[in-house]
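J.: Please read through the structure below; I'll follow up with questions.
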Amino acid sequence: TTGRANACFNNISGIKTMYITDDALGTVTYDATDTDVITAFSGTVVFFKFDLKGNSNTFTETITKDVSSGTLFFAQSLSVQLPKLTKEMHKELKLICYNSPRVVIEDYNGNLLILGLLNACDVTGGTIVSGGGRGDFSGYTLTLTAEEKTPANFLDDTIVTTGASVSATQDTP
């Protein structure tokens, strides 16, 4: 409906941070002029922050449309690596796996996207790994997926920074 010019070369790939919540979001408020941007949740939401590093953290959203059945949905998939095995993270991992959270990701361009807005996410895979070589990965990998009626919505940055409570990242030396 508007077209698109070539994008500038000021974009960088990668996911910087993941925020997870099991809280009910309440009523979702959308930006009046851009309904792809969420500006507020009416519920009391606590996000748990996970800092991410490296090139192995990816988000993919696949559009699936079946003309014969008249269906359309957006399959969201997030794969993350969480380095270092700890007893604290073992407990967190179990809680994440047993629940169906909503996940907000922040990319290196400052974009915030919410996965599983209506239907929540599920952990559909992952590993607990201790590599064989000294430089091999040791930690956790997780794959979270969701299927939604619309693409992952952008969030106004105030939702996570000021509009909700954010629990500090675990600091394990």
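Each chain in the structure tokens gets a letter, A, B and so on, in the order shown; residues start at 1 in every chain, and ligands are counted from 1 in the order they appear.
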Please identify every residue of region 1-84 of chain A that has at least one atom no farther than 12 Å from an atom of region 118-135 of chain A, counting only C-alpha atoms, and for each give the shortest atom pair and the distance in Å to one decimal, arranged by chain then increasing number, as a tab-separated table.
T.:
```
residue	atom	partner	partner_atom	distance
A:Ile20	CA	A:Cys121	CA	10.0
A:Thr21	CA	A:Ala120	CA	9.8
A:Asp22	CA	A:Ala120	CA	8.8
A:Asp23	CA	A:Ala120	CA	10.6
A:Ala24	CA	A:Ala120	CA	10.2
A:Leu25	CA	A:Leu118	CA	9.5
A:Gly26	CA	A:Leu118	CA	10.8
A:Thr27	CA	A:Leu118	CA	11.1
A:Val28	CA	A:Leu118	CA	10.1
A:Phe73	CA	A:Asn119	CA	11.7
A:Phe74	CA	A:Asn119	CA	11.5
A:Ala75	CA	A:Cys121	CA	10.5
A:Gln76	CA	A:Cys121	CA	8.6
A:Ser77	CA	A:Cys121	CA	9.0
A:Leu78	CA	A:Val123	CA	9.4
A:Ser79	CA	A:Gly126	CA	8.5
A:Val80	CA	A:Gly126	CA	8.9
A:Gln81	CA	A:Gly126	CA	9.2
A:Leu82	CA	A:Ile128	CA	9.6
A:Pro83	CA	A:Val129	CA	9.3
A:Lys84	CA	A:Ser130	CA	8.7
```
J.: Put those residues in a file: N, CA, C and O atoms, as a PDB file, in the first residue's frame.
T.:
```
ATOM      1  N   ILE A  20      11.332 -12.603  29.477  1.00  0.00           N
ATOM      2  CA  ILE A  20      10.305 -13.641  29.564  1.00  0.00           C
ATOM      3  C   ILE A  20       9.334 -13.296  30.683  1.00  0.00           C
ATOM      4  O   ILE A  20       9.744 -12.856  31.762  1.00  0.00           O
ATOM      5  N   THR A  21       8.022 -13.511  30.431  1.00  0.00           N
ATOM      6  CA  THR A  21       7.017 -13.337  31.468  1.00  0.00           C
ATOM      7  C   THR A  21       5.972 -14.435  31.367  1.00  0.00           C
ATOM      8  O   THR A  21       5.654 -14.900  30.275  1.00  0.00           O
ATOM      9  N   ASP A  22       5.461 -14.835  32.511  1.00  0.00           N
ATOM     10  CA  ASP A  22       4.314 -15.743  32.574  1.00  0.00           C
ATOM     11  C   ASP A  22       3.067 -14.991  33.016  1.00  0.00           C
ATOM     12  O   ASP A  22       1.997 -15.569  33.148  1.00  0.00           O
ATOM     13  N   ASP A  23       3.206 -13.699  33.272  1.00  0.00           N
ATOM     14  CA  ASP A  23       2.093 -12.887  33.754  1.00  0.00           C
ATOM     15  C   ASP A  23       1.063 -12.647  32.655  1.00  0.00           C
ATOM     16  O   ASP A  23       1.405 -12.578  31.470  1.00  0.00           O
ATOM     17  N   ALA A  24      -0.184 -12.475  33.073  1.00  0.00           N
ATOM     18  CA  ALA A  24      -1.237 -12.070  32.146  1.00  0.00           C
ATOM     19  C   ALA A  24      -0.963 -10.629  31.725  1.00  0.00           C
ATOM     20  O   ALA A  24      -0.612  -9.790  32.558  1.00  0.00           O
ATOM     21  N   LEU A  25      -1.092 -10.364  30.442  1.00  0.00           N
ATOM     22  CA  LEU A  25      -0.784  -9.023  29.944  1.00  0.00           C
ATOM     23  C   LEU A  25      -1.950  -8.055  30.117  1.00  0.00           C
ATOM     24  O   LEU A  25      -1.778  -6.855  29.993  1.00  0.00           O
ATOM     25  N   GLY A  26      -3.136  -8.570  30.401  1.00  0.00           N
ATOM     26  CA  GLY A  26      -4.302  -7.709  30.533  1.00  0.00           C
ATOM     27  C   GLY A  26      -4.717  -7.178  29.165  1.00  0.00           C
ATOM     28  O   GLY A  26      -4.470  -7.787  28.133  1.00  0.00           O
ATOM     29  N   THR A  27      -5.326  -6.012  29.166  1.00  0.00           N
ATOM     30  CA  THR A  27      -5.742  -5.378  27.922  1.00  0.00           C
ATOM     31  C   THR A  27      -4.524  -4.808  27.213  1.00  0.00           C
ATOM     32  O   THR A  27      -3.702  -4.134  27.826  1.00  0.00           O
ATOM     33  N   VAL A  28      -4.415  -5.092  25.940  1.00  0.00           N
ATOM     34  CA  VAL A  28      -3.300  -4.602  25.130  1.00  0.00           C
ATOM     35  C   VAL A  28      -3.739  -3.314  24.450  1.00  0.00           C
ATOM     36  O   VAL A  28      -4.803  -3.256  23.838  1.00  0.00           O
ATOM     37  N   PHE A  73      -1.458 -18.045   9.245  1.00  0.00           N
ATOM     38  CA  PHE A  73      -0.892 -17.830  10.578  1.00  0.00           C
ATOM     39  C   PHE A  73       0.594 -17.562  10.442  1.00  0.00           C
ATOM     40  O   PHE A  73       1.202 -17.791   9.397  1.00  0.00           O
ATOM     41  N   PHE A  74       1.165 -17.059  11.516  1.00  0.00           N
ATOM     42  CA  PHE A  74       2.572 -16.689  11.573  1.00  0.00           C
ATOM     43  C   PHE A  74       3.255 -17.563  12.612  1.00  0.00           C
ATOM     44  O   PHE A  74       2.940 -17.481  13.802  1.00  0.00           O
ATOM     45  N   ALA A  75       4.156 -18.424  12.144  1.00  0.00           N
ATOM     46  CA  ALA A  75       4.886 -19.326  13.031  1.00  0.00           C
ATOM     47  C   ALA A  75       6.162 -18.622  13.492  1.00  0.00           C
ATOM     48  O   ALA A  75       7.012 -18.275  12.679  1.00  0.00           O
ATOM     49  N   GLN A  76       6.258 -18.389  14.783  1.00  0.00           N
ATOM     50  CA  GLN A  76       7.393 -17.676  15.371  1.00  0.00           C
ATOM     51  C   GLN A  76       8.334 -18.677  16.017  1.00  0.00           C
ATOM     52  O   GLN A  76       7.885 -19.590  16.717  1.00  0.00           O
ATOM     53  N   SER A  77       9.633 -18.502  15.777  1.00  0.00           N
ATOM     54  CA  SER A  77      10.630 -19.412  16.345  1.00  0.00           C
ATOM     55  C   SER A  77      11.826 -18.606  16.844  1.00  0.00           C
ATOM     56  O   SER A  77      12.395 -17.807  16.109  1.00  0.00           O
ATOM     57  N   LEU A  78      12.167 -18.824  18.094  1.00  0.00           N
ATOM     58  CA  LEU A  78      13.303 -18.162  18.728  1.00  0.00           C
ATOM     59  C   LEU A  78      14.265 -19.228  19.223  1.00  0.00           C
ATOM     60  O   LEU A  78      13.870 -20.136  19.955  1.00  0.00           O
ATOM     61  N   SER A  79      15.521 -19.133  18.797  1.00  0.00           N
ATOM     62  CA  SER A  79      16.566 -20.040  19.273  1.00  0.00           C
ATOM     63  C   SER A  79      17.615 -19.218  19.990  1.00  0.00           C
ATOM     64  O   SER A  79      18.125 -18.239  19.434  1.00  0.00           O
ATOM     65  N   VAL A  80      17.925 -19.597  21.222  1.00  0.00           N
ATOM     66  CA  VAL A  80      18.904 -18.851  22.013  1.00  0.00           C
ATOM     67  C   VAL A  80      19.911 -19.793  22.653  1.00  0.00           C
ATOM     68  O   VAL A  80      19.624 -20.963  22.900  1.00  0.00           O
ATOM     69  N   GLN A  81      21.094 -19.250  22.914  1.00  0.00           N
ATOM     70  CA  GLN A  81      22.128 -19.939  23.675  1.00  0.00           C
ATOM     71  C   GLN A  81      22.366 -19.162  24.963  1.00  0.00           C
ATOM     72  O   GLN A  81      22.526 -17.942  24.939  1.00  0.00           O
ATOM     73  N   LEU A  82      22.387 -19.879  26.065  1.00  0.00           N
ATOM     74  CA  LEU A  82      22.646 -19.292  27.375  1.00  0.00           C
ATOM     75  C   LEU A  82      23.889 -19.978  27.936  1.00  0.00           C
ATOM     76  O   LEU A  82      23.810 -21.104  28.447  1.00  0.00           O
ATOM     77  N   PRO A  83      25.056 -19.338  27.818  1.00  0.00           N
ATOM     78  CA  PRO A  83      26.303 -19.975  28.235  1.00  0.00           C
ATOM     79  C   PRO A  83      26.383 -20.204  29.745  1.00  0.00           C
ATOM     80  O   PRO A  83      25.781 -19.475  30.521  1.00  0.00           O
ATOM     81  N   LYS A  84      27.121 -21.208  30.120  1.00  0.00           N
ATOM     82  CA  LYS A  84      27.509 -21.549  31.480  1.00  0.00           C
ATOM     83  C   LYS A  84      26.425 -22.340  32.210  1.00  0.00           C
ATOM     84  O   LYS A  84      25.312 -21.870  32.414  1.00  0.00           O
TER      85      LYS A  84
END
```
J.: Could you give me the residues within region 4-171 of chain A that DSSP places in helix (DSSP H, G or I), as a PyMOL selection string?
T.: chain A and resi 87-98+158-161
J.: Would you write out those residues with N, CA, C and O atoms, as a PDB file, in the first residue's frame?
T.:
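Listing of result05.pdb after writing:
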```
ATOM      1  N   LYS A  87      23.454 -24.166  38.756  1.00  0.00           N
ATOM      2  CA  LYS A  87      22.262 -24.722  39.403  1.00  0.00           C
ATOM      3  C   LYS A  87      21.106 -23.725  39.357  1.00  0.00           C
ATOM      4  O   LYS A  87      19.946 -24.122  39.260  1.00  0.00           O
ATOM      5  N   GLU A  88      21.406 -22.424  39.400  1.00  0.00           N
ATOM      6  CA  GLU A  88      20.359 -21.403  39.322  1.00  0.00           C
ATOM      7  C   GLU A  88      19.663 -21.442  37.957  1.00  0.00           C
ATOM      8  O   GLU A  88      18.437 -21.373  37.868  1.00  0.00           O
ATOM      9  N   MET A  89      20.452 -21.554  36.896  1.00  0.00           N
ATOM     10  CA  MET A  89      19.868 -21.580  35.558  1.00  0.00           C
ATOM     11  C   MET A  89      19.134 -22.884  35.310  1.00  0.00           C
ATOM     12  O   MET A  89      18.135 -22.906  34.596  1.00  0.00           O
ATOM     13  N   HIS A  90      19.582 -23.975  35.931  1.00  0.00           N
ATOM     14  CA  HIS A  90      18.858 -25.246  35.819  1.00  0.00           C
ATOM     15  C   HIS A  90      17.419 -25.069  36.308  1.00  0.00           C
ATOM     16  O   HIS A  90      16.478 -25.546  35.680  1.00  0.00           O
ATOM     17  N   LYS A  91      17.253 -24.394  37.454  1.00  0.00           N
ATOM     18  CA  LYS A  91      15.918 -24.147  38.002  1.00  0.00           C
ATOM     19  C   LYS A  91      15.102 -23.277  37.066  1.00  0.00           C
ATOM     20  O   LYS A  91      13.926 -23.536  36.816  1.00  0.00           O
ATOM     21  N   GLU A  92      15.719 -22.206  36.547  1.00  0.00           N
ATOM     22  CA  GLU A  92      15.023 -21.313  35.617  1.00  0.00           C
ATOM     23  C   GLU A  92      14.594 -22.065  34.360  1.00  0.00           C
ATOM     24  O   GLU A  92      13.494 -21.871  33.855  1.00  0.00           O
ATOM     25  N   LEU A  93      15.492 -22.895  33.845  1.00  0.00           N
ATOM     26  CA  LEU A  93      15.209 -23.664  32.640  1.00  0.00           C
ATOM     27  C   LEU A  93      13.969 -24.537  32.835  1.00  0.00           C
ATOM     28  O   LEU A  93      13.090 -24.586  31.972  1.00  0.00           O
ATOM     29  N   LYS A  94      13.875 -25.215  33.967  1.00  0.00           N
ATOM     30  CA  LYS A  94      12.709 -26.059  34.234  1.00  0.00           C
ATOM     31  C   LYS A  94      11.431 -25.233  34.242  1.00  0.00           C
ATOM     32  O   LYS A  94      10.423 -25.626  33.659  1.00  0.00           O
ATOM     33  N   LEU A  95      11.471 -24.073  34.900  1.00  0.00           N
ATOM     34  CA  LEU A  95      10.279 -23.222  34.962  1.00  0.00           C
ATOM     35  C   LEU A  95       9.860 -22.728  33.583  1.00  0.00           C
ATOM     36  O   LEU A  95       8.675 -22.698  33.259  1.00  0.00           O
ATOM     37  N   ILE A  96      10.835 -22.361  32.775  1.00  0.00           N
ATOM     38  CA  ILE A  96      10.529 -21.895  31.413  1.00  0.00           C
ATOM     39  C   ILE A  96       9.912 -23.036  30.609  1.00  0.00           C
ATOM     40  O   ILE A  96       8.926 -22.846  29.890  1.00  0.00           O
ATOM     41  N   CYS A  97      10.476 -24.221  30.729  1.00  0.00           N
ATOM     42  CA  CYS A  97       9.989 -25.383  29.961  1.00  0.00           C
ATOM     43  C   CYS A  97       8.594 -25.819  30.395  1.00  0.00           C
ATOM     44  O   CYS A  97       7.782 -26.237  29.567  1.00  0.00           O
ATOM     45  N   TYR A  98       8.282 -25.764  31.681  1.00  0.00           N
ATOM     46  CA  TYR A  98       6.999 -26.226  32.181  1.00  0.00           C
ATOM     47  C   TYR A  98       5.868 -25.241  31.901  1.00  0.00           C
ATOM     48  O   TYR A  98       4.701 -25.611  31.941  1.00  0.00           O
ATOM     49  N   THR A 158       9.077   1.924  26.096  1.00  0.00           N
ATOM     50  CA  THR A 158       8.768   2.234  27.495  1.00  0.00           C
ATOM     51  C   THR A 158       8.072   1.085  28.205  1.00  0.00           C
ATOM     52  O   THR A 158       8.061   1.031  29.429  1.00  0.00           O
ATOM     53  N   ILE A 159       7.505   0.144  27.466  1.00  0.00           N
ATOM     54  CA  ILE A 159       6.817  -0.983  28.114  1.00  0.00           C
ATOM     55  C   ILE A 159       7.801  -1.795  28.946  1.00  0.00           C
ATOM     56  O   ILE A 159       7.524  -2.148  30.082  1.00  0.00           O
ATOM     57  N   VAL A 160       8.945  -2.099  28.397  1.00  0.00           N
ATOM     58  CA  VAL A 160       9.910  -2.917  29.118  1.00  0.00           C
ATOM     59  C   VAL A 160      10.771  -2.074  30.043  1.00  0.00           C
ATOM     60  O   VAL A 160      11.108  -2.497  31.136  1.00  0.00           O
ATOM     61  N   THR A 161      11.108  -0.860  29.647  1.00  0.00           N
ATOM     62  CA  THR A 161      12.009  -0.053  30.472  1.00  0.00           C
ATOM     63  C   THR A 161      11.305   0.642  31.625  1.00  0.00           C
ATOM     64  O   THR A 161      11.873   0.764  32.696  1.00  0.00           O
TER      65      THR A 161
END
```
J.: Taking the DSSP secondary structure from the backbone, can you list the residues of chain A that are strand (DSSP E), as number ranges by chain?
T.: A: 15-21, 28-30, 37-41, 46-51, 58-66, 71-83, 102-107, 112-115, 122-130, 138-148, 153-155, 165-167
J.: Mind checking which residues fall within 9 Å of Gly54 (chain A), counting only C-alpha atoms, ignoring those fewer than 6 positions away in the same chain, and posting them as a tab-separated table (two decimals) with N, CA and C atoms, in the first residue's frame?
T.:
```
chain	number	residue	atom	x	y	z
A	14	GLY	N	21.00	-9.71	14.85
A	14	GLY	CA	21.30	-10.30	16.14
A	14	GLY	C	20.32	-9.89	17.22
A	15	ILE	N	20.21	-10.74	18.22
A	15	ILE	CA	19.33	-10.48	19.36
A	15	ILE	C	20.19	-10.19	20.57
A	16	LYS	N	19.93	-9.06	21.19
A	16	LYS	CA	20.71	-8.56	22.31
A	16	LYS	C	20.19	-9.06	23.66
A	81	GLN	N	21.09	-19.25	22.91
A	81	GLN	CA	22.13	-19.94	23.68
A	81	GLN	C	22.37	-19.16	24.96
```
J.: Using only C-alpha atoms, find each residue in region 91-161 of chain A having at least one atom no more than 10 Å away from region 58-70 of chain A; report its shortest atom-to-atom pair and that distance in Å (one decimal), rows by chain then rising number, as a tab-separated table.
T.:
```
residue	atom	partner	partner_atom	distance
A:Ile105	CA	A:Phe59	CA	8.6
A:Asp107	CA	A:Phe59	CA	9.5
A:Leu113	CA	A:Phe59	CA	10.0
A:Leu115	CA	A:Glu61	CA	9.6
A:Thr143	CA	A:Thr58	CA	9.5
A:Leu144	CA	A:Phe59	CA	9.6
A:Thr145	CA	A:Glu61	CA	9.5
A:Ala146	CA	A:Glu61	CA	9.4
A:Glu147	CA	A:Glu61	CA	9.3
A:Glu148	CA	A:Ile63	CA	9.9
A:Lys149	CA	A:Ile63	CA	10.0
A:Thr150	CA	A:Ile63	CA	9.4
A:Pro151	CA	A:Glu61	CA	7.5
A:Ala152	CA	A:Glu61	CA	8.0
```
